Every structure is written in C-alpha cells, then in structure tokens.
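Novice: Sharing upload-v9.txt below, compact mmCIF, C-alpha atoms:
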# COMPACT_ATOMS: atom_id res chain seq x y z
CA MET N 20 71.11 28.29 120.46
CA SER N 21 74.63 28.25 121.91
CA GLU N 22 76.10 31.33 123.54
CA ILE N 23 78.99 33.26 122.05
CA CYS N 24 81.96 32.89 124.40
CA TRP N 25 84.67 35.42 125.16
CA SER N 26 87.40 33.21 123.72
CA GLN N 27 85.69 33.53 120.33
CA ILE N 28 86.46 37.27 120.30
CA ALA N 29 89.83 37.64 118.56
CA ALA N 30 91.87 40.83 118.87
CA MET N 31 93.58 42.13 115.73
CA ASN N 32 96.51 44.48 115.20
CA GLN N 33 96.04 46.52 112.02
CA HIS N 34 95.23 49.77 113.82
CA TYR N 35 98.51 49.46 115.77
CA ARG N 36 100.72 50.04 112.71
CA ASN N 37 102.32 53.04 114.43
CA TRP N 38 102.97 50.97 117.58
CA SER N 39 105.14 48.01 118.46
CA LEU N 40 103.95 44.42 118.53
CA GLU N 41 104.91 44.26 122.21
CA THR N 42 102.59 47.16 123.06
CA PHE N 43 99.74 45.57 121.11
CA LEU N 44 100.16 42.22 122.88
CA ARG N 45 100.47 43.81 126.31
CA VAL N 46 97.30 45.84 125.82
CA GLN N 47 95.28 42.83 124.64
CA GLU N 48 96.35 40.86 127.70
CA GLU N 49 95.44 43.75 130.00
CA LEU N 50 92.01 44.03 128.35
CA GLY N 51 91.38 40.34 128.88
CA PHE N 52 91.43 39.05 125.32
CA GLU N 53 92.48 35.43 124.83
CA SER N 54 92.46 34.95 121.05
CA LEU N 55 94.34 36.78 118.34
CA GLU N 56 94.19 37.11 114.58
CA LEU N 57 97.60 38.37 113.53
CA TRP N 58 97.84 40.71 110.56
CA LEU N 59 101.17 39.76 108.98
CA GLY N 60 102.38 43.25 108.16
CA PRO N 61 105.22 45.48 109.34
CA PRO N 62 106.23 46.64 111.84
CA HIS N 63 104.71 43.66 113.65
CA PHE N 64 105.62 40.89 111.22
CA TYR N 65 107.71 40.87 108.05
CA LEU N 66 106.67 38.57 105.21
CA ASP N 67 107.68 38.35 101.57
CA ARG N 68 107.89 35.54 99.00
CA LEU N 69 111.26 34.33 100.26
CA ARG N 70 111.32 34.82 104.02
CA CYS N 71 109.45 35.96 107.09
CA ASP N 72 110.05 36.77 110.73
CA ASP N 73 110.85 34.07 113.26
CA CYS N 74 107.42 32.50 113.79
CA GLY N 75 108.50 30.61 116.88
CA ALA N 76 109.65 33.81 118.56
CA VAL N 77 106.43 35.65 117.66
CA ARG N 78 104.30 32.75 118.90
CA LYS N 79 106.20 32.72 122.20
CA LYS N 80 105.65 36.47 122.59
CA ALA N 81 101.91 36.01 122.13
CA GLU N 82 101.77 33.06 124.50
CA ALA N 83 103.73 35.03 127.11
CA HIS N 84 100.77 37.41 127.11
CA HIS N 85 98.31 34.49 127.31
CA LEU N 86 97.18 35.01 123.71
CA HIS N 87 96.52 32.18 121.28
CA ILE N 88 97.03 32.99 117.57
CA VAL N 89 93.96 31.47 115.92
CA ALA N 90 94.14 33.05 112.46
CA VAL N 91 96.37 35.19 110.28
CA THR N 92 95.85 37.66 107.48
CA SER N 93 98.68 38.06 104.98
CA SER N 94 98.71 41.69 103.91
CA SER N 95 97.15 42.01 100.45
CA PHE N 96 96.92 45.75 99.79
CA ALA N 97 99.55 46.02 97.05
CA TRP N 98 99.08 44.99 93.42
CA GLN N 99 102.02 42.57 93.58
CA TYR N 100 100.60 40.95 96.75
CA GLN N 101 97.01 40.13 95.79
CA TYR N 102 95.13 37.13 94.48
CA ALA N 103 94.41 38.24 90.91
CA ALA N 104 97.79 39.85 90.21
CA SER N 105 99.22 40.08 86.69
CA PRO N 106 101.23 39.64 84.51
CA ARG N 107 102.13 35.99 85.02
CA GLU N 108 105.50 36.52 86.68
CA ILE N 109 103.90 38.87 89.23
CA TRP N 110 101.09 36.34 89.77
CA GLU N 111 103.63 33.59 90.47
CA SER N 112 105.53 35.84 92.87
CA ALA N 113 102.26 36.61 94.68
CA ARG N 114 101.52 32.90 94.94
CA ALA N 115 104.92 32.32 96.57
CA TYR N 116 104.21 35.19 98.97
CA PHE N 117 100.87 33.73 100.06
CA GLN N 118 102.38 30.26 100.34
CA ASN N 119 104.90 31.74 102.74
CA GLY N 120 101.98 33.24 104.67
CA ILE N 121 100.44 29.77 104.93
CA ARG N 122 103.72 28.37 106.24
CA ALA N 123 103.80 31.18 108.79
CA ALA N 124 100.21 30.42 109.84
CA ALA N 125 101.11 26.80 110.50
CA GLU N 126 104.23 27.71 112.49
CA LEU N 127 102.34 30.34 114.49
CA GLY N 128 99.74 27.73 115.45
CA ALA N 129 96.91 29.34 113.48
CA GLY N 130 94.42 27.06 111.78
CA ILE N 131 93.04 29.76 109.46
CA MET N 132 94.46 32.20 106.92
CA THR N 133 91.98 34.72 105.55
CA VAL N 134 91.91 35.37 101.80
CA ASN N 135 89.92 37.39 99.28
CA SER N 136 89.41 37.45 95.53
CA GLY N 137 91.91 40.17 94.72
CA TRP N 138 91.09 42.49 91.83
CA GLY N 139 91.96 43.26 88.25
CA THR N 140 92.32 46.46 86.29
CA ARG N 141 89.05 48.20 85.47
CA ASP N 142 89.83 48.14 81.76
CA GLU N 143 90.03 44.33 81.47
CA PRO N 144 87.11 41.90 81.41
CA VAL N 145 86.28 40.80 84.95
CA GLU N 146 86.27 37.21 83.69
CA ASP N 147 90.03 37.47 83.07
CA SER N 148 90.87 38.64 86.60
CA ALA N 149 88.39 36.13 88.04
CA ARG N 150 90.22 33.29 86.28
CA ARG N 151 93.51 34.40 87.83
CA SER N 152 91.85 34.58 91.25
CA GLU N 153 90.30 31.12 90.88
CA GLU N 154 93.61 29.54 89.88
CA MET N 155 95.44 31.28 92.73
CA LEU N 156 92.93 30.23 95.37
CA ARG N 157 92.84 26.63 94.16
CA ASP N 158 96.63 26.37 94.26
CA LEU N 159 96.75 27.99 97.71
CA ALA N 160 93.92 25.82 99.06
CA GLU N 161 95.86 22.71 98.09
CA PHE N 162 99.04 24.10 99.64
CA ALA N 163 97.20 25.09 102.83
CA TRP N 164 95.50 21.69 103.05
CA ALA N 165 98.91 20.03 103.05
CA HIS N 166 100.05 22.32 105.89
CA GLY N 167 97.01 21.86 108.13
CA VAL N 168 95.65 25.35 107.45
CA THR N 169 92.20 26.28 106.13
CA LEU N 170 91.69 29.32 103.91
CA ALA N 171 88.67 31.50 104.72
CA LEU N 172 87.39 33.54 101.76
CA GLU N 173 85.78 36.94 102.42
CA SER N 174 84.05 39.28 100.03
CA LEU N 175 85.36 42.78 99.38
CA THR N 176 83.39 45.94 98.61
CA SER N 177 82.52 46.97 95.06
CA ALA N 178 84.97 49.86 95.48
CA GLU N 179 87.74 47.27 95.84
CA THR N 180 86.88 44.54 93.34
CA LYS N 181 84.37 43.32 90.79
CA ILE N 182 85.37 39.66 91.22
CA ALA N 183 83.74 38.79 94.57
CA ASP N 184 81.99 41.85 95.98
CA THR N 185 78.63 40.20 96.69
CA LEU N 186 77.40 37.00 98.25
CA GLU N 187 76.51 35.53 94.87
CA LYS N 188 79.86 36.33 93.26
CA THR N 189 81.70 34.99 96.32
CA ARG N 190 79.67 31.78 96.20
CA ARG N 191 80.42 31.38 92.49
CA LEU N 192 84.18 31.81 93.03
CA TRP N 193 84.14 29.38 95.97
CA LYS N 194 82.27 26.73 93.97
CA GLN N 195 84.61 27.17 91.00
CA VAL N 196 87.66 26.65 93.22
CA ASP N 197 85.94 23.55 94.66
CA HIS N 198 88.54 22.51 97.23
CA PRO N 199 87.98 21.40 100.85
CA GLY N 200 90.82 23.69 101.95
CA LEU N 201 88.79 26.79 101.03
CA LYS N 202 85.87 27.81 103.25
CA LEU N 203 83.98 31.10 103.75
CA MET N 204 84.12 34.02 106.15
CA ALA N 205 81.88 37.03 106.64
CA ASP N 206 83.34 40.53 106.88
CA THR N 207 80.52 42.55 108.39
CA VAL N 208 81.64 45.78 106.68
CA ALA N 209 81.81 44.20 103.23
CA LEU N 210 78.35 42.72 103.81
CA GLY N 211 76.94 45.99 105.08
CA TYR N 212 78.44 47.93 102.17
CA GLN N 213 76.49 45.72 99.76
CA GLY N 214 73.31 45.77 101.85
CA GLU N 215 73.66 42.10 102.79
CA SER N 216 73.17 40.47 106.19
CA LEU N 217 74.83 37.82 108.30
CA GLU N 218 71.60 35.83 108.09
CA GLN N 219 71.84 35.71 104.29
CA TRP N 220 75.42 34.45 104.50
CA PHE N 221 74.57 31.72 106.97
CA GLU N 222 71.62 30.65 104.85
CA ALA N 223 73.90 30.49 101.80
CA PHE N 224 76.91 28.76 103.34
CA GLY N 225 75.86 27.06 106.57
CA ASP N 226 78.72 25.26 108.31
CA ASN N 227 81.11 26.29 105.53
CA LEU N 228 81.10 29.80 107.04
CA ILE N 229 83.89 29.30 109.57
CA HIS N 230 85.23 32.77 110.45
CA THR N 231 84.29 36.45 110.67
CA HIS N 232 85.75 39.92 110.69
CA PHE N 233 83.16 41.20 113.12
CA VAL N 234 83.17 44.99 113.49
CA ASP N 235 80.81 47.97 113.39
CA MET N 236 80.14 50.14 110.36
CA ALA N 237 78.63 53.53 109.53
CA GLN N 238 76.26 51.91 107.05
CA SER N 239 74.23 55.09 106.62
CA ALA N 240 77.36 56.90 105.36
CA LYS N 241 78.34 54.05 102.99
CA SER N 242 81.80 54.08 104.55
CA ASP N 243 84.06 51.04 104.48
CA ASP N 244 85.82 52.03 107.71
CA HIS N 245 85.98 49.07 110.12
CA LEU N 246 84.80 50.65 113.37
CA ILE N 247 84.79 49.67 117.01
CA TRP N 248 81.42 48.61 118.35
CA GLY N 249 79.32 51.65 119.18
CA ASP N 250 80.94 53.96 116.61
CA GLY N 251 78.73 52.72 113.77
CA ASP N 252 75.07 51.89 113.36
CA PHE N 253 75.01 48.09 113.39
CA SER N 254 73.04 46.45 116.20
CA LEU N 255 75.54 44.36 118.16
CA PRO N 256 72.86 42.42 120.10
CA SER N 257 71.00 41.59 116.90
CA MET N 258 74.14 40.38 115.11
CA LEU N 259 75.17 38.26 118.08
CA GLU N 260 71.69 36.72 118.11
CA THR N 261 72.18 35.75 114.47
CA LEU N 262 75.49 34.06 115.33
CA LYS N 263 73.80 32.19 118.17
CA LYS N 264 70.85 31.22 115.97
CA TYR N 265 73.19 29.50 113.53
CA ASN N 266 75.30 27.96 116.31
CA PHE N 267 78.45 29.70 115.10
CA LYS N 268 81.60 28.20 116.63
CA GLY N 269 84.24 30.26 114.83
CA TYR N 270 86.07 33.45 115.74
CA LEU N 271 84.88 37.06 115.70
CA SER N 272 88.02 38.97 114.75
CA GLN N 273 88.09 42.66 115.60
CA GLU N 274 89.53 43.94 112.32
CA ILE N 275 89.53 47.61 113.30
CA VAL N 276 90.74 49.71 110.36
CA ALA N 277 90.07 53.46 110.36
CA ASP N 278 92.38 56.47 110.48
CA ARG N 279 90.57 57.82 113.55
CA TYR N 280 92.02 55.03 115.74
CA ARG N 281 95.67 55.12 114.75
CA GLU N 282 96.69 57.84 117.22
CA ASN N 283 95.11 56.12 120.21
CA PRO N 284 94.35 52.47 119.44
CA ILE N 285 94.54 51.57 123.12
CA GLU N 286 91.56 53.74 124.01
CA ALA N 287 89.69 52.38 120.96
CA ASP N 288 90.31 48.82 122.10
CA ARG N 289 89.18 49.63 125.63
CA LYS N 290 85.89 51.08 124.37
CA ASN N 291 85.44 48.14 122.02
CA ARG N 292 86.08 45.66 124.85
CA ASP N 293 83.55 47.43 127.06
CA ALA N 294 80.89 47.30 124.32
CA LEU N 295 81.46 43.60 123.69
CA GLU N 296 81.51 42.70 127.38
CA GLN N 297 77.93 43.87 127.73
CA TRP N 298 76.77 41.06 125.48
CA VAL N 299 79.41 38.31 125.48
CA LYS N 300 79.86 36.07 128.48
CA ARG N 301 83.37 35.84 129.91
CA GLU N 302 83.53 32.11 130.30
CA ARG N 303 86.35 29.92 129.16
CA ARG N 304 85.99 27.04 126.76
CA ASN N 305 88.30 25.06 124.51
CA PHE N 306 89.54 26.94 121.47
CA VAL N 307 87.61 26.04 118.33
For the structure just supplied, provide its representation as structure tokens.

Specialist:
Amino acid sequence: MSEICWSQIAAMNQHYRNWSLETFLRVQEELGFESLELWLGPPHFYLDRLRCDDCGAVRKKAEAHHLHIVAVTSSSFAWQYQYAASPREIWESARAYFQNGIRAAAELGAGIMTVNSGWGTRDEPVEDSARRSEEMLRDLAEFAWAHGVTLALESLTSAETKIADTLEKTRRLWKQVDHPGLKLMADTVALGYQGESLEQWFEAFGDNLIHTHFVDMAQSAKSDDHLIWGDGDFSLPSMLETLKKYNFKGYLSQEIVADRYRENPIEADRKNRDALEQWVKRERRNFV
C-alpha cells in the first residue's frame, strides 16, 4: 500500500464565493496546500459559451502562491449549464459552454475537468434525459481528448438527478459513452447519500477511478452538505486506508459546500487542514 501524500490534497474555492480569489489563494498558501481544483465560477473566474477570464493571468496568480491547478470544475448548477439540458438549442449552448471550460482547463494547466450526468425534468422519461447526457459527454470527451484534458465523471444524489445517482447508473452511462477521454471520480457525499462506499467504487472501476471530491458528510442526517473533516460522521482514517489499499494516485479535492462555512471559510479551512494533517504525511512528490 502506498501512502497518501500531502500534494494529493487539493484545495477548492466554492465556499469562498463571498471572498476574492486573491484571499482564497493567499489562505491556501498560508495553510500549506500545494494543489488546487479551481471551481470556474464568479467572482473567482468568469466563464460562458463565448469567453472566459484570462487563464494565463489566473494561472500566474496561483503559481505566485505556490499552487498548482490540477483540476477544474465548470459550474453546472443552472438548467442552461448542465449536461442533459434541453431543448436542443439550449443543449448546444451548454455544449459550447463546457467546451470553453475544457479550453480553460488546458490553459490553466489542469489535466482534469470534473463532469456529471446533469438532469432532466421529473415529468419526462429518464431515458430521454439520459440520452442527452450520453451524447453531451461523448462529444465533450472527444473535445477534451484533443486538448489533453481528461473528464472525470461523478455521480450526483437522487435529489439532484435520476440519470446517474448510483454506482450502477454511473457505470452504465460511462460504458455507453465509451470514450478514453471519460474516466470516473468518487464524490464521497454522493456515495454516502446513496449508502455506497469508496471500496465499492474501486472494486467497480479500478484504475479508471482517477479523482475524488473527498469531504466529510453528516450521513446520519441524510444531508448533502459537503463538510470539512470532523464536522460529519465519516471515518477519515478508514477512508484514507481504502485509498491506500487501492494504491490511489489521484487528487483528493476538498469540495467544501455548506452555508455554515461561507461567513468564515478561512477558519473552516484551518480546521480542515488540521484534521487532514493528522493522517496525511507532508512529504513532497511529483504531481500526478
């Protein structure tokens, strides 16, 4: 079993939406993080189907704080910016938006862009929205492949989608897309919400599981809040042992998303860093 290294822990910026990008970067440097998954949403980064912020300038800002952007997440909360959007003209606009996110990933130096299945309306057959998602992900995987970026597909909760809200549905969508540019990622909250485990995902996907959103969860409350370590009821040592057991070489992004952290994300990050430091060795290695 190989150890999990500190450079595999990737800071993330969603809970800093009320704060500047500069503050976020400064804090991560002060806390000793080295890797970064950048959420491509305002006020930190503007992205639409036609343009985006200056990627070179953003990359330089991160590097000035000794942070390496290893992955990006293009914001996909809105109907018009999600993977199973409809009608067709909205779907095509969404595809252009995500293609621009892939371009940004490449220019930012990130090898991964995270994706999900998107969702349909609850009054349409799930097969219809799943077909739109499959076509979108296949097109984007081909586009990403040409730009040197790999897409990492995560599941969502059943409150968010019926397309890929379980391991089995995610595996089916991935196999239907059938493109080397699309791999898998495990979001620990989505897994916990469905009563699944990291072990099950590694057994199902093996080396095709290349990335994680690795955060705590109040599983007993069936909440989908993405919590700092110690604020939920996951066992951090046990989950890290699972990663080591399967020789995981990817990143553990700290996708912290909960209203409780938005007023003081700096303190939340400090507590999260302290919890992780108890179990993750601070030794440098080459970025994966």

Novice: For a test of reading the model, state the distance in Å between CA of Met155 (chain N) and CA of Asp197 (chain N), rounded to one decimal.

Specialist: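 These two atoms are separated by 12.4 Å.
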
Novice: Using all atoms listed in the file, what does the table of region 170-223 of chain N residues within 12 Å of region 261-278 of chain N look like, with each row giving the shortest atom pair and its distance in Å to one decimal, sorted by chain and ascending number, as CSV?

Specialist:
residue,atom,partner,partner_atom,distance
N:Ala171,CA,N:Gly269,CA,11.1
N:Lys202,CA,N:Gly269,CA,11.9
N:Leu203,CA,N:Gly269,CA,11.1
N:Met204,CA,N:Gly269,CA,9.5
N:Ala205,CA,N:Leu271,CA,9.5
N:Asp206,CA,N:Glu274,CA,8.9
N:Thr207,CA,N:Glu274,CA,9.9
N:Val208,CA,N:Glu274,CA,9.9
N:Ala209,CA,N:Glu274,CA,11.9
N:Ser216,CA,N:Thr261,CA,9.6
N:Leu217,CA,N:Thr261,CA,7.0
N:Glu218,CA,N:Thr261,CA,6.4
N:Gln219,CA,N:Thr261,CA,10.2
N:Trp220,CA,N:Tyr265,CA,10.5
N:Phe221,CA,N:Tyr265,CA,7.1
N:Glu222,CA,N:Tyr265,CA,8.9
N:Ala223,CA,N:Tyr265,CA,11.8

Novice: Go ahead and compute the interatomic distance for CA of Asn227 (chain N) and CA of Thr169 (chain N), in Å to one decimal.

Specialist: 11.1 Å

Novice: Taking into account only C-alpha atoms, which residue in the set N:Val89, N:Ile23, N:Cys74, N:Ala83 is nearest to Glu41 (chain N)?

Specialist: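 Of N:Val89, N:Ile23, N:Cys74, N:Ala83, the one nearest Glu41 (chain N) is N:Ala83, counting only C-alpha atoms.
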
Novice: For Ala123 (chain N), which residue among N:His63, N:Arg45, N:Arg78, N:His230 is the nearest when counting all atoms listed in the file?

Specialist: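 Among N:His63, N:Arg45, N:Arg78, N:His230, it is N:Arg78 that comes nearest to Ala123 (chain N).
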
Novice: Could you tell me how far CA of Ala113 (chain N) sits from CA of Thr140 (chain N), in Å to one decimal place?

Specialist: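 The value is 16.3 Å.
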
Novice: Could you name the residues that touch Ser148 (chain N) at 9 Å or less, counting only C-alpha atoms, but leaving out those on the same chain fewer than 6 positions away, as a list in words?

Specialist: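 Near Ser148 (chain N), the qualifying residues are Ala103, Ala104, Ser105, Gly137, Trp138, Gly139, Thr140 and Ile182 of chain N.
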
Novice: Counting only C-alpha atoms, what is within 10 Å of Ser39 (chain N), bar same-chain residues fewer than 6 positions away, as a ChimeraX atom specification?

Specialist: /N:32,61-63

Novice: Residues at most 12 Å from Val46 (chain N), counting only C-alpha atoms, excluding those fewer than 6 positions away in the same chain, as an MDAnalysis selection string?

Specialist: chainID N and resid 30:32 35 38:40 52:53 81 84:86 283:289 292

Novice: Just C-alpha atoms for this one: save the residues we selected as an mmCIF file, keeping the file's coordinate frame.

Specialist:
data_model
loop_
_atom_site.group_PDB
_atom_site.id
_atom_site.type_symbol
_atom_site.label_atom_id
_atom_site.label_comp_id
_atom_site.auth_asym_id
_atom_site.auth_seq_id
_atom_site.Cartn_x
_atom_site.Cartn_y
_atom_site.Cartn_z
ATOM 1 C CA ALA N 30 91.870 40.830 118.870
ATOM 2 C CA MET N 31 93.580 42.130 115.730
ATOM 3 C CA ASN N 32 96.510 44.480 115.200
ATOM 4 C CA TYR N 35 98.510 49.460 115.770
ATOM 5 C CA TRP N 38 102.970 50.970 117.580
ATOM 6 C CA SER N 39 105.140 48.010 118.460
ATOM 7 C CA LEU N 40 103.950 44.420 118.530
ATOM 8 C CA PHE N 52 91.430 39.050 125.320
ATOM 9 C CA GLU N 53 92.480 35.430 124.830
ATOM 10 C CA ALA N 81 101.910 36.010 122.130
ATOM 11 C CA HIS N 84 100.770 37.410 127.110
ATOM 12 C CA HIS N 85 98.310 34.490 127.310
ATOM 13 C CA LEU N 86 97.180 35.010 123.710
ATOM 14 C CA ASN N 283 95.110 56.120 120.210
ATOM 15 C CA PRO N 284 94.350 52.470 119.440
ATOM 16 C CA ILE N 285 94.540 51.570 123.120
ATOM 17 C CA GLU N 286 91.560 53.740 124.010
ATOM 18 C CA ALA N 287 89.690 52.380 120.960
ATOM 19 C CA ASP N 288 90.310 48.820 122.100
ATOM 20 C CA ARG N 289 89.180 49.630 125.630
ATOM 21 C CA ARG N 292 86.080 45.660 124.850
#

Novice: Go through N:Asp142, N:Asp73, N:Asp226, N:Glu82 one by one, measure the shortest atom-to-atom distance of each to Leu55 (chain N) using all atoms listed in the file, and give the residue with the smallest value.

Specialist: N:Glu82

Novice: Using all atoms listed in the file for the distances, tell me which of N:Arg191, N:His166, N:Arg122, N:His34 is nearest to Ser93 (chain N).

Specialist: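 Once distances to Ser93 (chain N) are computed over all atoms listed in the file, the minimum belongs to N:Arg122.
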
Novice: Here is a test: counting only C-alpha atoms, which residue of N:Ile131, N:Asn119, N:Ala125, N:Glu108 is nearest to Thr92 (chain N)?

Specialist: N:Ile131
